[in-house]
Every structure is written in structure tokens, then in C-alpha cells.
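Source file: target.cif; contents: mmCIF, C-alpha atoms.
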data_protein
#
loop_
_atom_site.label_atom_id
_atom_site.label_comp_id
_atom_site.auth_asym_id
_atom_site.auth_seq_id
_atom_site.Cartn_x
_atom_site.Cartn_y
_atom_site.Cartn_z
CA MET A 23 0.00 0.00 0.00
CA THR A 24 1.36 3.44 -0.91
CA GLN A 25 1.88 6.21 1.57
CA ASP A 26 -0.95 8.20 -0.03
CA ALA A 27 -3.30 5.25 0.36
CA ASP A 28 -2.56 5.27 4.10
CA LYS A 29 -3.59 8.92 4.55
CA THR A 30 -6.86 9.58 6.34
CA THR A 31 -9.14 12.56 6.76
CA HIS A 32 -12.40 13.51 8.45
CA PHE A 33 -15.82 12.80 7.04
CA GLY A 34 -17.86 14.40 9.77
CA PHE A 35 -16.69 12.68 12.94
CA GLU A 36 -15.67 9.56 11.03
CA THR A 37 -12.06 8.94 9.97
CA VAL A 38 -11.90 7.73 6.36
CA PRO A 39 -9.18 7.17 3.75
CA GLU A 40 -8.51 10.41 1.86
CA HIS A 41 -9.42 8.85 -1.46
CA GLU A 42 -12.95 8.11 -0.21
CA LYS A 43 -13.91 11.58 0.97
CA ALA A 44 -14.68 13.24 -2.37
CA GLY A 45 -17.05 10.42 -3.32
CA ARG A 46 -18.80 10.61 0.01
CA VAL A 47 -19.18 14.38 -0.20
CA GLN A 48 -20.61 13.96 -3.70
CA GLY A 49 -23.11 11.51 -2.25
CA VAL A 50 -24.23 14.06 0.33
CA PHE A 51 -24.75 16.82 -2.22
CA ASN A 52 -26.33 14.52 -4.81
CA SER A 53 -28.83 13.71 -2.09
CA VAL A 54 -29.60 17.30 -1.08
CA ALA A 55 -29.17 19.11 -4.43
CA SER A 56 -32.87 19.72 -5.03
CA LYS A 57 -33.25 21.04 -1.49
CA TYR A 58 -29.95 22.90 -1.29
CA ASP A 59 -31.31 26.41 -0.82
CA ILE A 60 -33.70 25.15 1.86
CA MET A 61 -30.76 23.31 3.43
CA ASN A 62 -28.80 26.55 3.76
CA ASP A 63 -31.77 28.14 5.47
CA VAL A 64 -31.93 25.23 7.92
CA MET A 65 -28.19 25.18 8.61
CA SER A 66 -27.96 28.93 9.25
CA MET A 67 -31.45 29.65 10.59
CA GLY A 68 -31.95 31.72 7.43
CA ILE A 69 -29.07 34.08 8.12
CA HIS A 70 -26.87 32.79 5.26
CA ARG A 71 -28.57 35.30 2.96
CA VAL A 72 -27.41 38.18 5.18
CA TRP A 73 -23.90 36.69 5.37
CA LYS A 74 -23.65 36.51 1.58
CA GLU A 75 -24.66 40.16 1.30
CA ALA A 76 -21.94 40.99 3.85
CA MET A 77 -19.51 39.04 1.69
CA MET A 78 -20.47 41.14 -1.34
CA ASP A 79 -20.15 44.35 0.69
CA TRP A 80 -16.55 43.51 1.60
CA LEU A 81 -15.75 42.15 -1.84
CA ALA A 82 -17.16 45.23 -3.64
CA PRO A 83 -17.39 43.68 -7.14
CA ARG A 84 -16.32 45.96 -10.01
CA PRO A 85 -17.54 46.02 -13.63
CA GLY A 86 -15.76 43.62 -15.94
CA GLN A 87 -14.28 41.35 -13.25
CA LYS A 88 -13.99 37.60 -13.77
CA LEU A 89 -15.17 35.49 -10.82
CA LEU A 90 -14.45 31.85 -10.06
CA ASP A 91 -17.02 30.62 -7.55
CA VAL A 92 -15.80 27.25 -6.26
CA ALA A 93 -18.27 24.82 -4.68
CA GLY A 94 -20.67 27.32 -6.22
CA GLY A 95 -23.58 24.91 -6.18
CA THR A 96 -26.75 26.59 -7.35
CA GLY A 97 -25.01 29.85 -8.27
CA ASP A 98 -26.21 32.01 -5.38
CA VAL A 99 -22.94 33.89 -4.92
CA SER A 100 -22.32 34.25 -8.66
CA PHE A 101 -25.74 35.81 -9.19
CA LYS A 102 -25.10 38.29 -6.40
CA PHE A 103 -21.62 39.08 -7.73
CA LEU A 104 -22.85 39.79 -11.27
CA GLY A 105 -25.71 41.88 -9.93
CA ARG A 106 -23.31 44.02 -7.90
CA ALA A 107 -20.68 44.27 -10.65
CA GLY A 108 -23.17 45.42 -13.26
CA HIS A 109 -21.36 43.41 -15.93
CA GLY A 110 -18.68 40.77 -15.77
CA HIS A 111 -18.32 37.00 -15.95
CA ALA A 112 -18.74 34.23 -13.37
CA THR A 113 -17.64 30.61 -13.57
CA VAL A 114 -19.50 28.34 -11.16
CA LEU A 115 -17.45 25.24 -10.35
CA ASP A 116 -18.76 22.33 -8.28
CA LEU A 117 -17.75 18.73 -7.73
CA THR A 118 -21.39 17.64 -7.90
CA GLU A 119 -23.14 17.97 -11.26
CA PRO A 120 -26.72 17.83 -9.85
CA MET A 121 -25.95 21.01 -7.91
CA LEU A 122 -25.03 22.79 -11.15
CA VAL A 123 -28.15 21.41 -12.82
CA GLU A 124 -30.26 22.98 -10.06
CA GLY A 125 -28.44 26.28 -10.53
CA ARG A 126 -29.16 26.32 -14.26
CA LYS A 127 -32.88 25.97 -13.49
CA ARG A 128 -32.98 29.26 -11.59
CA ALA A 129 -34.57 32.28 -13.23
CA GLU A 130 -31.40 34.34 -12.80
CA ALA A 131 -29.48 31.81 -14.87
CA ASP A 132 -31.72 32.45 -17.89
CA SER A 133 -31.11 36.20 -17.79
CA LEU A 134 -27.33 35.82 -17.36
CA THR A 135 -26.59 33.06 -19.87
CA GLY A 136 -23.78 34.96 -21.60
CA SER A 137 -22.13 35.88 -18.31
CA LEU A 138 -22.12 32.44 -16.66
CA ASP A 139 -20.25 29.17 -17.12
CA TRP A 140 -21.04 25.99 -15.17
CA VAL A 141 -18.11 23.60 -14.71
CA VAL A 142 -17.81 20.25 -12.92
CA GLY A 143 -14.43 20.23 -11.18
CA ASP A 144 -12.35 19.66 -8.07
CA ALA A 145 -11.22 22.54 -5.85
CA MET A 146 -7.87 20.80 -5.32
CA SER A 147 -7.13 20.54 -9.06
CA LEU A 148 -8.78 23.41 -10.91
CA PRO A 149 -9.12 22.99 -14.70
CA PHE A 150 -7.95 26.55 -15.45
CA PRO A 151 -4.62 28.16 -16.41
CA ASP A 152 -2.59 30.27 -13.99
CA ASN A 153 -3.55 33.93 -13.55
CA THR A 154 -7.05 33.62 -15.01
CA PHE A 155 -9.50 35.20 -12.53
CA ASP A 156 -9.87 38.50 -10.69
CA VAL A 157 -11.86 37.04 -7.79
CA TYR A 158 -12.10 33.59 -6.18
CA THR A 159 -14.96 32.81 -3.80
CA ILE A 160 -15.93 29.67 -1.92
CA SER A 161 -18.96 29.69 0.38
CA PHE A 162 -19.70 26.87 2.81
CA GLY A 163 -17.62 24.57 0.64
CA ILE A 164 -14.03 24.50 1.78
CA ARG A 165 -14.77 22.40 4.85
CA ASN A 166 -15.93 19.64 2.48
CA VAL A 167 -12.63 19.62 0.56
CA THR A 168 -10.34 16.69 1.42
CA ARG A 169 -7.24 18.90 1.74
CA PRO A 170 -8.28 22.56 2.21
CA GLN A 171 -4.69 23.82 2.00
CA GLU A 172 -4.43 22.46 -1.55
CA ALA A 173 -7.65 24.27 -2.46
CA LEU A 174 -6.19 27.53 -1.15
CA ASN A 175 -2.97 26.90 -3.08
CA GLU A 176 -5.02 26.38 -6.25
CA ALA A 177 -6.97 29.57 -5.56
CA TYR A 178 -3.69 31.47 -5.45
CA ARG A 179 -2.52 29.86 -8.69
CA VAL A 180 -5.58 30.72 -10.79
CA LEU A 181 -5.94 34.29 -9.52
CA ARG A 182 -4.27 37.10 -11.41
CA PRO A 183 -1.78 39.33 -9.59
CA GLY A 184 -3.95 41.73 -7.62
CA GLY A 185 -6.71 39.11 -7.42
CA ARG A 186 -8.88 38.62 -4.36
CA LEU A 187 -9.73 35.51 -2.33
CA MET A 188 -12.90 35.44 -0.23
CA VAL A 189 -13.94 32.44 1.88
CA LEU A 190 -17.28 32.26 3.70
CA GLU A 191 -17.54 29.34 6.08
CA PHE A 192 -19.18 28.26 9.30
CA SER A 193 -16.73 28.86 12.13
CA GLN A 194 -16.32 28.89 15.92
CA LEU A 195 -17.96 31.14 18.49
CA PRO A 196 -15.36 32.69 20.82
CA ASN A 197 -17.61 32.29 23.87
CA PRO A 198 -17.68 28.63 25.11
CA ALA A 199 -21.18 28.90 26.56
CA MET A 200 -22.55 30.32 23.30
CA GLN A 201 -20.72 27.64 21.33
CA LYS A 202 -22.27 24.94 23.52
CA ALA A 203 -25.75 26.37 22.95
CA TYR A 204 -25.18 26.50 19.19
CA ASP A 205 -23.87 22.92 19.22
CA LEU A 206 -27.01 21.77 21.02
CA TYR A 207 -29.10 23.36 18.28
CA SER A 208 -26.88 21.98 15.53
CA PHE A 209 -26.71 18.38 16.68
CA ASN A 210 -30.25 18.02 17.98
CA VAL A 211 -32.32 20.14 15.61
CA ILE A 212 -30.62 20.28 12.20
CA PRO A 213 -30.50 16.49 11.45
CA ARG A 214 -34.17 16.19 12.46
CA MET A 215 -35.08 19.07 10.19
CA GLY A 216 -33.07 17.44 7.42
CA GLN A 217 -35.15 14.31 7.87
CA ALA A 218 -38.39 16.28 7.87
CA ILE A 219 -37.57 18.57 4.93
CA ALA A 220 -35.42 16.40 2.67
CA GLY A 221 -36.01 12.88 4.04
CA ASP A 222 -32.27 12.72 4.69
CA ARG A 223 -30.99 12.77 8.26
CA ASP A 224 -27.53 11.34 7.54
CA SER A 225 -26.44 14.06 5.11
CA TYR A 226 -27.41 16.80 7.55
CA GLN A 227 -25.67 14.95 10.39
CA TYR A 228 -22.48 14.95 8.31
CA LEU A 229 -22.82 18.67 7.55
CA VAL A 230 -23.15 19.51 11.25
CA GLU A 231 -20.16 17.34 12.15
CA SER A 232 -18.08 18.89 9.35
CA ILE A 233 -18.60 22.35 10.86
CA ARG A 234 -17.19 21.24 14.21
CA ASN A 235 -14.13 19.69 12.53
CA PHE A 236 -13.23 22.82 10.57
CA PRO A 237 -10.28 24.93 11.84
CA ASP A 238 -11.04 28.00 13.93
CA GLN A 239 -10.64 31.50 12.52
CA GLU A 240 -6.99 32.05 13.43
CA THR A 241 -5.90 28.59 12.27
CA PHE A 242 -7.61 29.05 8.92
CA LEU A 243 -6.11 32.54 8.60
CA SER A 244 -2.67 30.98 8.86
CA MET A 245 -3.59 28.56 6.07
CA VAL A 246 -4.62 31.48 3.83
CA ARG A 247 -1.23 33.08 4.49
CA THR A 248 0.59 29.78 3.86
CA ALA A 249 -0.99 29.68 0.39
CA GLY A 250 0.77 32.97 -0.35
CA PHE A 251 -1.99 35.52 0.17
CA GLY A 252 -1.12 38.96 1.52
CA GLN A 253 -3.21 41.36 3.61
CA ALA A 254 -5.03 38.28 4.95
CA LYS A 255 -7.68 38.96 7.57
CA TYR A 256 -11.08 37.78 8.70
CA ARG A 257 -14.37 39.11 9.98
CA ASN A 258 -16.74 37.23 12.25
CA LEU A 259 -20.39 37.09 11.24
CA SER A 260 -23.15 36.58 13.84
CA MET A 261 -20.49 36.53 16.58
CA GLY A 262 -18.52 33.76 14.87
CA ILE A 263 -21.19 31.31 13.75
CA ALA A 264 -19.64 32.05 10.36
CA ALA A 265 -16.53 33.95 9.29
CA LEU A 266 -15.28 35.69 6.16
CA HIS A 267 -11.60 35.28 5.31
CA SER A 268 -10.03 37.61 2.74
CA GLY A 269 -6.64 37.67 1.04
CA TRP A 270 -4.92 39.21 -1.96
CA LYS A 271 -2.51 37.82 -4.53
CA LEU A 272 0.05 40.61 -4.29
#
Kindly return the structure encoded in the file as C-alpha cells.
Amino acid sequence: MTQDADKTTHFGFETVPEHEKAGRVQGVFNSVASKYDIMNDVMSMGIHRVWKEAMMDWLAPRPGQKLLDVAGGTGDVSFKFLGRAGHGHATVLDLTEPMLVEGRKRAEADSLTGSLDWVVGDAMSLPFPDNTFDVYTISFGIRNVTRPQEALNEAYRVLRPGGRLMVLEFSQLPNPAMQKAYDLYSFNVIPRMGQAIAGDRDSYQYLVESIRNFPDQETFLSMVRTAGFGQAKYRNLSMGIAALHSGWKL
């Protein structure tokens, strides 16, 4: 057995061989694709919409920019980006084709056909040349990547000099008592709601567990810097339930 075959990673609270994780994550999102927007409402108590607007406020899209939205799913962030920019181009990349299919069904997709591409691909091995995009975003997706550092390295590679990285992800509350209360909600309520709404408890259980396994804000900030990004910083959203990490390819 090779050394790579021996490597393990987290799938929720389960330890699995690295080579199995991508397939398992695909299984989760194949299962929830048709309910993905509802799922985000359940996972965030509806606040994800506010967080994405905060992301756009900090990002401040400009006319003519080219966006790569990784783990872009149903295109939510890309639609917001193009709306703010006025004109530009967005490439939505996702590992799971049914997610992209759902995105193409949305009304916004019809009106933005010439400004949108939908690509099946892996965040750790992007199918694009170096120095291609002005902006790279990933929202609630990097915690599902087998090796997040490789995804950040790839983000740096495909961004043009002067390009911007923006990561929106569930994170850690700095207050232990508040974190405990949020965990109680997450572990006791969200899987049950997943069962009730999507008939799928296991996928929602994984998603909750994946949040708890993701690095805290400072640890992830160091990973952004390790990838080469300058002026790296983060902002907590809703006291740290989620966080925005930003960096520049200088």
C-alpha cells in the first residue's frame, strides 16, 4: 500500500481514507441538491442570505471582473456578484453535477446566460490556467474539501496578480457557553429538520459534524497566508457562527 493510500481525513466525525472523501461528499450533495437552498436556510437559521450580502459588501465587485465561484452549487454567490458588478463574468465550479443542474434551473441563470459558465471540477485541481480570474470565492464549501490547504494553493494559482480571495464558512464562536448552545441546536435540531424537509438525516448529520471539525478563525487565517496571500484577515459574522476570510494575490 502506498503512503498516499494510508492517509486519512475527516468525514464528519468519522475517519476515512482520503481517497474516499470526495465520493462521500458527492453523495451528500447529490442527495440534497434539489433542497440545497432550503438546506442553507436550515443550517444557518436563514441568516446565510445576510452573510452573503456581507460578503459582497466587503468584496465590492467591479464592472468587468472575472469570478471563479468554487463549490458554487446553485449559483447564489455568482448571481449576487454579477448583480453588484453590473457586468462581468462568473464561472460556477462544483464537484457535484446535480448542484449545477439545479443552478441552471434558476430564473437568474436564464437572464445571465452569456455571463455564466457551469463547470464540474475539483477545488484541489482546478481545470484553469494560472492567472485567469480577478476574484475567487468559496462559500460553505471548503470544509468539504479533502485537503483545504491544496484548495487555497489552487486559488492562489488561478488568480491574477492583484486578485482577491474570499472564503465564507461556518466557524467557531469565541464564547464557550454560546458555542455549547449552538452545538445543542446543531446536533439536535438540524439532522431532524433534514429528515423532515429532505427525508435525509444522515447528510445533515455529516454537515453539522463537518462544521465542528473545521479549523477556527486564526488557524484558517494561517492557512490562507501559507498559500501565499497577503493582507489576509477575517471578519466574524453573527459573533462567529460564520466567518469571512479575505486575502490578496500581491
Report task. Given the file shown, determine the residues that the PyMOL selection byres ((chain A and resi 121-134) around 10) selects; report them as a PyMOL selection string. Result -> chain A and resi 48+51-59+93-98+100-102+104-105+109+111-112+114-120+135-142
Report task. Mind giving me the straight-line distance from CA of Lys271 (chain A) to CA of Pro183 (chain A) in Å, one decimal? Result -> 5.3 Å
Query - Spatial neighbours of region 207-211 of chain A, max dist 8 Å, all atoms listed in the file, sep filter under 5 positions, as a PyMOL selection string - result: chain A and resi 65+227+230
Query - Residue contacts of region 75-84 of chain A (10 Å, all atoms listed in the file) excluding same-chain residues fewer than 2 positions away, as a PyMOL selection string - result: chain A and resi 70-73+86-89+99+102-110+156-157+159+161+186-190+257+259+265-268
May I have the selected residues written with C-alpha atoms, as an mmCIF file, in the coordinates of the input?
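Now in selection-v1.cif:
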data_model
loop_
_atom_site.group_PDB
_atom_site.id
_atom_site.type_symbol
_atom_site.label_atom_id
_atom_site.label_comp_id
_atom_site.auth_asym_id
_atom_site.auth_seq_id
_atom_site.Cartn_x
_atom_site.Cartn_y
_atom_site.Cartn_z
ATOM 1 C CA HIS A 70 -26.870 32.790 5.260
ATOM 2 C CA ARG A 71 -28.570 35.300 2.960
ATOM 3 C CA VAL A 72 -27.410 38.180 5.180
ATOM 4 C CA TRP A 73 -23.900 36.690 5.370
ATOM 5 C CA GLY A 86 -15.760 43.620 -15.940
ATOM 6 C CA GLN A 87 -14.280 41.350 -13.250
ATOM 7 C CA LYS A 88 -13.990 37.600 -13.770
ATOM 8 C CA LEU A 89 -15.170 35.490 -10.820
ATOM 9 C CA VAL A 99 -22.940 33.890 -4.920
ATOM 10 C CA LYS A 102 -25.100 38.290 -6.400
ATOM 11 C CA PHE A 103 -21.620 39.080 -7.730
ATOM 12 C CA LEU A 104 -22.850 39.790 -11.270
ATOM 13 C CA GLY A 105 -25.710 41.880 -9.930
ATOM 14 C CA ARG A 106 -23.310 44.020 -7.900
ATOM 15 C CA ALA A 107 -20.680 44.270 -10.650
ATOM 16 C CA GLY A 108 -23.170 45.420 -13.260
ATOM 17 C CA HIS A 109 -21.360 43.410 -15.930
ATOM 18 C CA GLY A 110 -18.680 40.770 -15.770
ATOM 19 C CA ASP A 156 -9.870 38.500 -10.690
ATOM 20 C CA VAL A 157 -11.860 37.040 -7.790
ATOM 21 C CA THR A 159 -14.960 32.810 -3.800
ATOM 22 C CA SER A 161 -18.960 29.690 0.380
ATOM 23 C CA ARG A 186 -8.880 38.620 -4.360
ATOM 24 C CA LEU A 187 -9.730 35.510 -2.330
ATOM 25 C CA MET A 188 -12.900 35.440 -0.230
ATOM 26 C CA VAL A 189 -13.940 32.440 1.880
ATOM 27 C CA LEU A 190 -17.280 32.260 3.700
ATOM 28 C CA ARG A 257 -14.370 39.110 9.980
ATOM 29 C CA LEU A 259 -20.390 37.090 11.240
ATOM 30 C CA ALA A 265 -16.530 33.950 9.290
ATOM 31 C CA LEU A 266 -15.280 35.690 6.160
ATOM 32 C CA HIS A 267 -11.600 35.280 5.310
ATOM 33 C CA SER A 268 -10.030 37.610 2.740
#
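As for CA of Glu42 (chain A) and CA of Val92 (chain A), they are spaced 20.3 Å apart.
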Query raised in the report: What does the distance from CA of Phe242 (chain A) to CA of Asn197 (chain A) come to in Å, to one decimal?
Result: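 If I compute the distance from CA of Phe242 (chain A) to CA of Asn197 (chain A), I get 18.3 Å.
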Requested in this report: Select, from A:Arg223, A:Gly163, A:Ile60, A:Ile263, the residue with the minimum atom-to-atom distance to Asp205 (chain A), counting all atoms listed in the file.
Outcome: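 Going through A:Arg223, A:Gly163, A:Ile60, A:Ile263 one by one, the smallest distance to Asp205 (chain A) is for A:Ile263.
You can rank A:Ile219, A:Leu174, A:Ser66, A:Phe162 by their closest distance to Ser147 (chain A) using all atoms listed in the file, and at the top of that list sits A:Leu174.
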Please provide as a PDB file with C-alpha atoms, in the coordinates of the input all residues within 10 Å of Val180 (chain A), with the sequence filter that same-chain residues fewer than 5 positions apart are discarded (counting only C-alpha atoms).
ATOM      1  CA  LEU A  90     -14.450  31.850 -10.060  1.00  0.00           C
ATOM      2  CA  LEU A 148      -8.780  23.410 -10.910  1.00  0.00           C
ATOM      3  CA  PRO A 149      -9.120  22.990 -14.700  1.00  0.00           C
ATOM      4  CA  PHE A 150      -7.950  26.550 -15.450  1.00  0.00           C
ATOM      5  CA  PRO A 151      -4.620  28.160 -16.410  1.00  0.00           C
ATOM      6  CA  ASP A 152      -2.590  30.270 -13.990  1.00  0.00           C
ATOM      7  CA  ASN A 153      -3.550  33.930 -13.550  1.00  0.00           C
ATOM      8  CA  THR A 154      -7.050  33.620 -15.010  1.00  0.00           C
ATOM      9  CA  PHE A 155      -9.500  35.200 -12.530  1.00  0.00           C
ATOM     10  CA  ASP A 156      -9.870  38.500 -10.690  1.00  0.00           C
ATOM     11  CA  VAL A 157     -11.860  37.040  -7.790  1.00  0.00           C
ATOM     12  CA  TYR A 158     -12.100  33.590  -6.180  1.00  0.00           C
ATOM     13  CA  ASN A 175      -2.970  26.900  -3.080  1.00  0.00           C
ATOM     14  CA  GLY A 185      -6.710  39.110  -7.420  1.00  0.00           C
ATOM     15  CA  LYS A 271      -2.510  37.820  -4.530  1.00  0.00           C
TER      16      LYS A 271
END
Query raised in the report: Do you know which residues lie at most 8 Å from (-21.0, 32.6, 14.2), with coordinates as in the file and only C-alpha atoms counted, and could you write them as number ranges by chain?
Result: A: 192-195, 258-265
Requested in this report: Can you pull out every residue within 8 Å of Ala173 (chain A), counting only C-alpha atoms, but drop anything in the same chain fewer than 5 positions away, and send it as an NGL selection string?
Outcome: :A and (145-147 or 164 or 167)
